Amino acid sequence: MDRSFSETYLNFQQVDLTTLQQAIYDTLFMTVISMVIVFVIGLLLGLALYTLGRKHSTGRSLLYGIVSILSNVFRSTPFMILMVLIIPFTKALVGTMLGAKAAIPALVLSAAPFYARLVEIAFREVDSGVLEAADAMGASYWETIRKVLIPESLPALISGLTVTSVSMIGFTAMAGAIGAGGLGALAWQEGYQRGNYTVTLVATVIILIIVFIVQGVGDFLTKKTDKR
């Protein structure tokens with residue numbers, strides 16, 4: 001006999017709170033740890049792309065092309081394929097191919113090049129007159145970056161980090177389907193595969209809540225740092 005809507009989707013007795021709490025923790029763990037690493041690598045890689053792209057020598061152009069191609073390869077490879085492809089690397093790095101820790105290498109490799117491109121774009125949008133003024137005042141390369149380039153592009157950097165974080169949450173859900181744990185695994189294994197659609201719905205709603213919180217905080221910080 002067909003079940004009613006409430007019996008299918010709103011039977012909250014089927015939700016194990018301990019399992020749900022662990023899934024939330026795993027999702028937040030994967031997202032936060034990965035995003036910290038992505039921020040550092042993406043910022044440095046974006047700075048490298050920006051710096052190499054400004055100089056028009058043959059050597060720098062060649063190096064920019066190599067970095068750009070590598071960035072595009074990892075950025076364009078579908079996440080599920082990338083995660084499977086680097087299983088030997090993941091096992092060598094973290095000692096396992098299962099669990100939240102095992103998803104982090106693939107998450108970083110997928111998201112860091114994407115954020116690096118957003119960083120490069122943010123740096124390119126900084127007014128060249130401001131940079132020329134800093135050069136005229138005798139600022140060194142690193143002083144220009146620290147005191148001019150990053151502060152001037154901060155709203156765009158935060159906005160790019162927000163977009164990347166939201167994408168990262170989606171990646172963690174996909175990673176869960178192949179053994180990484182988290183809310184994605186809960187929705188797939190405990191929910192869909194067992195016909196427990198209440199669990200799938202609850203996991204989906206919590207993922208959406210996390211996304212809305214991240215987006216809201218990111219938008220708030222972007223507006224606070226925007227001097228225009």
# chains A, B, ... in the order shown; residues from 1 in each chain; ligands from 1
call {"tool": "residues_around", "arguments": {"residues": "region 120-128 of chain A", "least_positions_apart": "2", "cutoff": "10 Å", "atoms": "only C-alpha atoms", "output": "number ranges by chain"}}
result
A: 42-51, 53-54, 115-118, 130-134, 145, 148-160
call {"tool": "write_last_selection", "arguments": {"atoms": "N, CA, C and O atoms", "output": "short mmCIF file (atom, residue, chain, number, x, y, z; two decimals), in the first residue's frame"}}
result
data_model
loop_
_atom_site.label_atom_id
_atom_site.label_comp_id
_atom_site.auth_asym_id
_atom_site.auth_seq_id
_atom_site.Cartn_x
_atom_site.Cartn_y
_atom_site.Cartn_z
N GLY A 42 44.93 28.74 -3.05
CA GLY A 42 44.29 29.54 -4.09
C GLY A 42 44.81 30.96 -4.13
O GLY A 42 45.01 31.53 -5.21
N LEU A 43 45.06 31.54 -2.95
CA LEU A 43 45.60 32.90 -2.90
C LEU A 43 47.00 32.96 -3.51
O LEU A 43 47.31 33.86 -4.31
N LEU A 44 47.84 32.00 -3.15
CA LEU A 44 49.21 31.97 -3.67
C LEU A 44 49.22 31.67 -5.17
O LEU A 44 49.97 32.31 -5.93
N LEU A 45 48.39 30.72 -5.59
CA LEU A 45 48.34 30.37 -7.01
C LEU A 45 47.75 31.52 -7.82
O LEU A 45 48.23 31.83 -8.93
N GLY A 46 46.72 32.17 -7.29
CA GLY A 46 46.13 33.32 -7.97
C GLY A 46 47.12 34.47 -8.08
O GLY A 46 47.19 35.16 -9.11
N LEU A 47 47.90 34.68 -7.02
CA LEU A 47 48.93 35.72 -7.05
C LEU A 47 50.00 35.40 -8.09
O LEU A 47 50.47 36.29 -8.82
N ALA A 48 50.35 34.11 -8.19
CA ALA A 48 51.34 33.70 -9.19
C ALA A 48 50.81 33.93 -10.60
O ALA A 48 51.53 34.45 -11.47
N LEU A 49 49.55 33.57 -10.83
CA LEU A 49 48.95 33.81 -12.15
C LEU A 49 48.90 35.29 -12.48
O LEU A 49 49.20 35.70 -13.61
N TYR A 50 48.52 36.09 -11.49
CA TYR A 50 48.43 37.54 -11.70
C TYR A 50 49.80 38.13 -11.99
O TYR A 50 49.96 38.93 -12.93
N THR A 51 50.80 37.74 -11.22
CA THR A 51 52.16 38.29 -11.38
C THR A 51 52.76 37.87 -12.71
O THR A 51 53.32 38.70 -13.44
N GLY A 53 51.16 36.94 -15.37
CA GLY A 53 50.37 37.49 -16.46
C GLY A 53 50.68 38.94 -16.75
O GLY A 53 50.44 39.42 -17.87
N ARG A 54 51.20 39.66 -15.76
CA ARG A 54 51.52 41.09 -15.96
C ARG A 54 52.81 41.30 -16.71
O ARG A 54 53.00 42.31 -17.36
N TYR A 115 39.30 28.73 -7.09
CA TYR A 115 39.46 29.95 -6.29
C TYR A 115 40.65 30.77 -6.79
O TYR A 115 40.60 32.01 -6.79
N ALA A 116 41.70 30.10 -7.26
CA ALA A 116 42.87 30.82 -7.78
C ALA A 116 42.47 31.71 -8.96
O ALA A 116 42.96 32.84 -9.10
N ARG A 117 41.60 31.21 -9.82
CA ARG A 117 41.13 32.01 -10.95
C ARG A 117 40.34 33.23 -10.47
O ARG A 117 40.47 34.33 -11.01
N LEU A 118 39.53 33.04 -9.44
CA LEU A 118 38.76 34.16 -8.90
C LEU A 118 39.70 35.18 -8.26
O LEU A 118 39.47 36.39 -8.34
N VAL A 130 46.37 52.99 -8.74
CA VAL A 130 46.73 52.80 -7.33
C VAL A 130 48.05 52.03 -7.23
O VAL A 130 48.91 52.36 -6.41
N LEU A 131 48.21 51.03 -8.08
CA LEU A 131 49.45 50.24 -8.07
C LEU A 131 50.64 51.08 -8.54
O LEU A 131 51.74 50.98 -7.98
N GLU A 132 50.41 51.91 -9.55
CA GLU A 132 51.48 52.78 -10.04
C GLU A 132 51.88 53.79 -8.98
O GLU A 132 53.07 54.13 -8.83
N ALA A 133 50.92 54.28 -8.22
CA ALA A 133 51.22 55.22 -7.14
C ALA A 133 52.08 54.56 -6.07
O ALA A 133 53.01 55.17 -5.53
N ALA A 134 51.76 53.30 -5.76
CA ALA A 134 52.55 52.56 -4.77
C ALA A 134 53.97 52.35 -5.27
O ALA A 134 54.94 52.49 -4.50
N ILE A 145 51.68 44.20 -2.49
CA ILE A 145 50.69 43.14 -2.36
C ILE A 145 49.94 43.25 -1.03
O ILE A 145 48.71 43.21 -0.98
N VAL A 148 48.36 47.19 -0.65
CA VAL A 148 47.54 47.77 -1.72
C VAL A 148 46.68 46.71 -2.40
O VAL A 148 45.45 46.80 -2.41
N LEU A 149 47.32 45.70 -2.97
CA LEU A 149 46.61 44.74 -3.82
C LEU A 149 45.54 43.97 -3.05
O LEU A 149 44.37 43.93 -3.46
N ILE A 150 45.93 43.38 -1.92
CA ILE A 150 44.96 42.59 -1.15
C ILE A 150 43.87 43.46 -0.53
O ILE A 150 42.68 43.13 -0.64
N PRO A 151 44.21 44.59 0.14
CA PRO A 151 43.14 45.42 0.69
C PRO A 151 42.16 45.93 -0.37
O PRO A 151 40.95 45.98 -0.13
N GLU A 152 42.67 46.32 -1.54
CA GLU A 152 41.81 46.86 -2.58
C GLU A 152 40.90 45.78 -3.19
O GLU A 152 39.80 46.09 -3.65
N SER A 153 41.37 44.55 -3.20
CA SER A 153 40.59 43.47 -3.82
C SER A 153 39.86 42.62 -2.77
O SER A 153 39.25 41.60 -3.12
N LEU A 154 39.89 43.01 -1.50
CA LEU A 154 39.34 42.19 -0.42
C LEU A 154 37.87 41.82 -0.62
O LEU A 154 37.50 40.66 -0.40
N PRO A 155 36.99 42.77 -1.00
CA PRO A 155 35.58 42.35 -1.22
C PRO A 155 35.44 41.25 -2.25
O PRO A 155 34.67 40.29 -2.05
N ALA A 156 36.18 41.36 -3.35
CA ALA A 156 36.12 40.33 -4.40
C ALA A 156 36.72 39.01 -3.91
O ALA A 156 36.23 37.94 -4.27
N LEU A 157 37.77 39.08 -3.09
CA LEU A 157 38.38 37.87 -2.55
C LEU A 157 37.40 37.14 -1.63
O LEU A 157 37.28 35.91 -1.67
N ILE A 158 36.71 37.91 -0.79
CA ILE A 158 35.72 37.31 0.12
C ILE A 158 34.55 36.73 -0.66
O ILE A 158 34.07 35.63 -0.38
N SER A 159 34.09 37.47 -1.67
CA SER A 159 32.99 36.99 -2.50
C SER A 159 33.38 35.70 -3.21
O SER A 159 32.59 34.74 -3.27
N GLY A 160 34.60 35.64 -3.73
CA GLY A 160 35.08 34.44 -4.40
C GLY A 160 35.20 33.27 -3.44
O GLY A 160 34.88 32.13 -3.79
#
call {"tool": "residues_around", "arguments": {"residues": "region 76-79 of chain A", "least_positions_apart": "6", "cutoff": "8 Å", "atoms": "only C-alpha atoms", "output": "mmCIF file with N, CA and C atoms, in the first residue's frame"}}
result
data_model
loop_
_atom_site.group_PDB
_atom_site.id
_atom_site.type_symbol
_atom_site.label_atom_id
_atom_site.label_comp_id
_atom_site.auth_asym_id
_atom_site.auth_seq_id
_atom_site.Cartn_x
_atom_site.Cartn_y
_atom_site.Cartn_z
ATOM 1 N N ALA A 106 41.008 15.505 -2.616
ATOM 2 C CA ALA A 106 40.228 15.749 -3.831
ATOM 3 C C ALA A 106 39.490 17.075 -3.752
ATOM 4 N N LEU A 107 38.957 17.404 -2.588
ATOM 5 C CA LEU A 107 38.262 18.677 -2.420
ATOM 6 C C LEU A 107 39.200 19.850 -2.681
ATOM 7 N N SER A 110 40.265 20.113 -6.385
ATOM 8 C CA SER A 110 39.164 20.562 -7.235
ATOM 9 C C SER A 110 38.856 22.041 -7.037
ATOM 10 N N PHE A 171 30.371 19.607 -3.134
ATOM 11 C CA PHE A 171 31.358 18.552 -3.377
ATOM 12 C C PHE A 171 31.381 17.541 -2.225
#
call {"tool": "residues_around", "arguments": {"residues": "Ile86 (chain A)", "least_positions_apart": "6", "cutoff": "10 Å", "atoms": "only C-alpha atoms", "output": "list in words"}}
result
Ala92, Met97, Pro105, Ala106 and Leu109 of chain A
call {"tool": "write_last_selection", "arguments": {"atoms": "all heavy atoms", "output": "short mmCIF file (atom, residue, chain, number, x, y, z; two decimals), in the first residue's frame"}}
result
data_model
loop_
_atom_site.label_atom_id
_atom_site.label_comp_id
_atom_site.auth_asym_id
_atom_site.auth_seq_id
_atom_site.Cartn_x
_atom_site.Cartn_y
_atom_site.Cartn_z
N ALA A 92 48.12 7.20 0.05
CA ALA A 92 49.50 7.46 0.46
C ALA A 92 49.58 8.66 1.41
O ALA A 92 50.42 8.68 2.32
CB ALA A 92 50.37 7.71 -0.77
N MET A 97 41.18 5.47 2.05
CA MET A 97 40.38 6.06 0.97
C MET A 97 38.94 6.28 1.42
O MET A 97 38.10 6.67 0.63
CB MET A 97 40.39 5.15 -0.26
CG MET A 97 39.91 3.75 0.00
SD MET A 97 39.80 2.73 -1.49
CE MET A 97 38.31 3.39 -2.23
N PRO A 105 41.97 15.74 0.10
CA PRO A 105 42.84 15.97 -1.06
C PRO A 105 42.07 16.28 -2.34
O PRO A 105 42.42 17.21 -3.08
CB PRO A 105 43.63 14.66 -1.17
CG PRO A 105 43.66 14.12 0.21
CD PRO A 105 42.32 14.47 0.79
N ALA A 106 41.01 15.50 -2.62
CA ALA A 106 40.23 15.75 -3.83
C ALA A 106 39.49 17.07 -3.75
O ALA A 106 39.39 17.80 -4.75
CB ALA A 106 39.24 14.60 -4.05
N LEU A 109 42.14 19.82 -4.40
CA LEU A 109 42.59 19.84 -5.79
C LEU A 109 41.50 20.35 -6.73
O LEU A 109 41.80 20.96 -7.76
CB LEU A 109 43.03 18.44 -6.23
CG LEU A 109 44.39 17.96 -5.71
CD1 LEU A 109 44.63 16.51 -6.12
CD2 LEU A 109 45.51 18.85 -6.23
#
call {"tool": "select_by_dssp", "arguments": {"residues": "region 76-160 of chain A", "states": "helix (DSSP H, G or I)", "output": "JSON, numbers by chain"}}
result
{"A": [76, 79, 80, 81, 82, 83, 84, 85, 87, 88, 89, 90, 91, 92, 93, 94, 100, 101, 102, 103, 104, 105, 106, 107, 108, 109, 110, 111, 112, 113, 114, 115, 116, 117, 118, 119, 120, 121, 122, 123, 124, 128, 129, 130, 131, 132, 133, 134, 135, 136, 141, 142, 143, 144, 145, 146, 147, 148, 149, 150, 151, 152, 153, 154, 155, 156, 157, 158, 159, 160]}
call {"tool": "residues_around", "arguments": {"residues": "region 178-190 of chain A", "least_positions_apart": "6", "cutoff": "8 Å", "atoms": "only C-alpha atoms", "output": "number ranges by chain"}}
result
A: 20, 22-27, 97-103, 172, 196, 199-201, 203-204, 207
call {"tool": "atom_distance", "arguments": {"atom1": "CA of Met35 (chain A)", "atom2": "CA of Ala177 (chain A)"}}
result
20.2 Å
call {"tool": "atom_distance", "arguments": {"atom1": "CA of Ile87 (chain A)", "atom2": "CA of Val119 (chain A)"}}
result
28.4 Å
call {"tool": "atom_distance", "arguments": {"atom1": "CA of Ser165 (chain A)", "atom2": "CA of Phe39 (chain A)"}}
result
9.8 Å
call {"tool": "residues_around", "arguments": {"residues": "region 64-73 of chain A", "least_positions_apart": "3", "cutoff": "6 Å", "atoms": "only C-alpha atoms", "output": "MDAnalysis selection string"}}
result
chainID A and resid 52 60:61 76 113
call {"tool": "closest_residue", "arguments": {"among": "A:Leu161, A:Ala111, A:Thr19, A:Trp142", "to": "Leu82 (chain A)", "atoms": "only C-alpha atoms"}}
result
A:Ala111
call {"tool": "closest_residue", "arguments": {"among": "A:Phe114, A:Ile81, A:Leu17, A:Lys147", "to": "Met168 (chain A)", "atoms": "only C-alpha atoms"}}
result
A:Phe114
call {"tool": "closest_atom_pairs", "arguments": {"of": "region 6-105 of chain A", "to": "region 213-222 of chain A", "cutoff": "12 Å", "atoms": "only C-alpha atoms", "output": "tab-separated table"}}
result
residue	atom	partner	partner_atom	distance
A:Leu28	CA	A:Val214	CA	11.3
A:Thr31	CA	A:Val214	CA	10.8
A:Val32	CA	A:Val214	CA	11.0
A:Met35	CA	A:Val214	CA	11.9
call {"tool": "decode", "arguments": {"residues": "region 175-188 of chain A", "atoms": "all heavy atoms", "output": "mmCIF file, in the first residue's frame"}}
result
data_model
loop_
_atom_site.group_PDB
_atom_site.id
_atom_site.type_symbol
_atom_site.label_atom_id
_atom_site.label_comp_id
_atom_site.auth_asym_id
_atom_site.auth_seq_id
_atom_site.Cartn_x
_atom_site.Cartn_y
_atom_site.Cartn_z
ATOM 1 N N ALA A 175 31.044 13.588 -2.382
ATOM 2 C CA ALA A 175 32.077 12.724 -1.801
ATOM 3 C C ALA A 175 31.463 11.698 -0.862
ATOM 4 O O ALA A 175 31.940 10.561 -0.768
ATOM 5 C CB ALA A 175 33.107 13.583 -1.055
ATOM 6 N N GLY A 176 30.396 12.099 -0.184
ATOM 7 C CA GLY A 176 29.737 11.182 0.734
ATOM 8 C C GLY A 176 29.174 9.955 0.051
ATOM 9 O O GLY A 176 29.083 8.876 0.648
ATOM 10 N N ALA A 177 28.804 10.102 -1.207
ATOM 11 C CA ALA A 177 28.218 8.977 -1.946
ATOM 12 C C ALA A 177 29.235 7.881 -2.242
ATOM 13 O O ALA A 177 28.853 6.751 -2.548
ATOM 14 C CB ALA A 177 27.599 9.477 -3.248
ATOM 15 N N ILE A 178 30.536 8.208 -2.150
ATOM 16 C CA ILE A 178 31.554 7.185 -2.422
ATOM 17 C C ILE A 178 32.470 6.994 -1.210
ATOM 18 O O ILE A 178 33.661 6.767 -1.349
ATOM 19 C CB ILE A 178 32.365 7.506 -3.694
ATOM 20 C CG1 ILE A 178 32.976 8.912 -3.640
ATOM 21 C CG2 ILE A 178 31.530 7.342 -4.926
ATOM 22 C CD1 ILE A 178 33.870 9.206 -4.833
ATOM 23 N N GLY A 179 31.890 7.125 -0.026
ATOM 24 C CA GLY A 179 32.608 6.688 1.169
ATOM 25 C C GLY A 179 33.231 7.737 2.048
ATOM 26 O O GLY A 179 33.962 7.398 2.979
ATOM 27 N N ALA A 180 32.955 9.018 1.798
ATOM 28 C CA ALA A 180 33.592 10.066 2.594
ATOM 29 C C ALA A 180 32.825 10.402 3.865
ATOM 30 O O ALA A 180 33.326 11.114 4.712
ATOM 31 C CB ALA A 180 33.765 11.336 1.756
ATOM 32 N N GLY A 181 31.617 9.920 3.990
ATOM 33 C CA GLY A 181 30.810 10.262 5.157
ATOM 34 C C GLY A 181 30.139 11.613 4.980
ATOM 35 O O GLY A 181 30.137 12.188 3.900
ATOM 36 N N GLY A 182 29.557 12.127 6.055
ATOM 37 C CA GLY A 182 28.894 13.420 5.993
ATOM 38 C C GLY A 182 27.431 13.294 5.599
ATOM 39 O O GLY A 182 26.872 12.208 5.480
ATOM 40 N N LEU A 183 26.820 14.448 5.377
ATOM 41 C CA LEU A 183 25.396 14.493 5.071
ATOM 42 C C LEU A 183 25.076 13.866 3.719
ATOM 43 O O LEU A 183 23.986 13.317 3.523
ATOM 44 C CB LEU A 183 24.911 15.942 5.117
ATOM 45 C CG LEU A 183 24.893 16.557 6.528
ATOM 46 C CD1 LEU A 183 24.745 18.073 6.457
ATOM 47 C CD2 LEU A 183 23.774 15.950 7.368
ATOM 48 N N GLY A 184 26.002 13.942 2.781
ATOM 49 C CA GLY A 184 25.785 13.308 1.488
ATOM 50 C C GLY A 184 25.682 11.797 1.623
ATOM 51 O O GLY A 184 24.811 11.164 1.010
ATOM 52 N N ALA A 185 26.574 11.219 2.424
ATOM 53 C CA ALA A 185 26.526 9.773 2.662
ATOM 54 C C ALA A 185 25.245 9.392 3.395
ATOM 55 O O ALA A 185 24.624 8.369 3.096
ATOM 56 C CB ALA A 185 27.745 9.339 3.472
ATOM 57 N N LEU A 186 24.855 10.223 4.352
ATOM 58 C CA LEU A 186 23.631 9.953 5.102
ATOM 59 C C LEU A 186 22.420 9.956 4.170
ATOM 60 O O LEU A 186 21.567 9.061 4.229
ATOM 61 C CB LEU A 186 23.453 11.001 6.205
ATOM 62 C CG LEU A 186 22.266 10.793 7.146
ATOM 63 C CD1 LEU A 186 22.504 9.584 8.036
ATOM 64 C CD2 LEU A 186 22.034 12.040 7.999
ATOM 65 N N ALA A 187 22.334 10.961 3.300
ATOM 66 C CA ALA A 187 21.208 11.068 2.375
ATOM 67 C C ALA A 187 21.168 9.904 1.399
ATOM 68 O O ALA A 187 20.087 9.392 1.055
ATOM 69 C CB ALA A 187 21.276 12.394 1.621
ATOM 70 N N TRP A 188 22.342 9.447 0.964
ATOM 71 C CA TRP A 188 22.406 8.386 -0.040
ATOM 72 C C TRP A 188 22.265 6.998 0.574
ATOM 73 O O TRP A 188 21.420 6.206 0.152
ATOM 74 C CB TRP A 188 23.718 8.492 -0.816
ATOM 75 C CG TRP A 188 23.930 7.402 -1.818
ATOM 76 C CD1 TRP A 188 24.782 6.336 -1.718
ATOM 77 C CD2 TRP A 188 23.271 7.244 -3.080
ATOM 78 N NE1 TRP A 188 24.718 5.537 -2.824
ATOM 79 C CE2 TRP A 188 23.788 6.070 -3.687
ATOM 80 C CE3 TRP A 188 22.297 7.980 -3.758
ATOM 81 C CZ2 TRP A 188 23.361 5.622 -4.929
ATOM 82 C CZ3 TRP A 188 21.877 7.524 -4.998
ATOM 83 C CH2 TRP A 188 22.407 6.365 -5.572
#
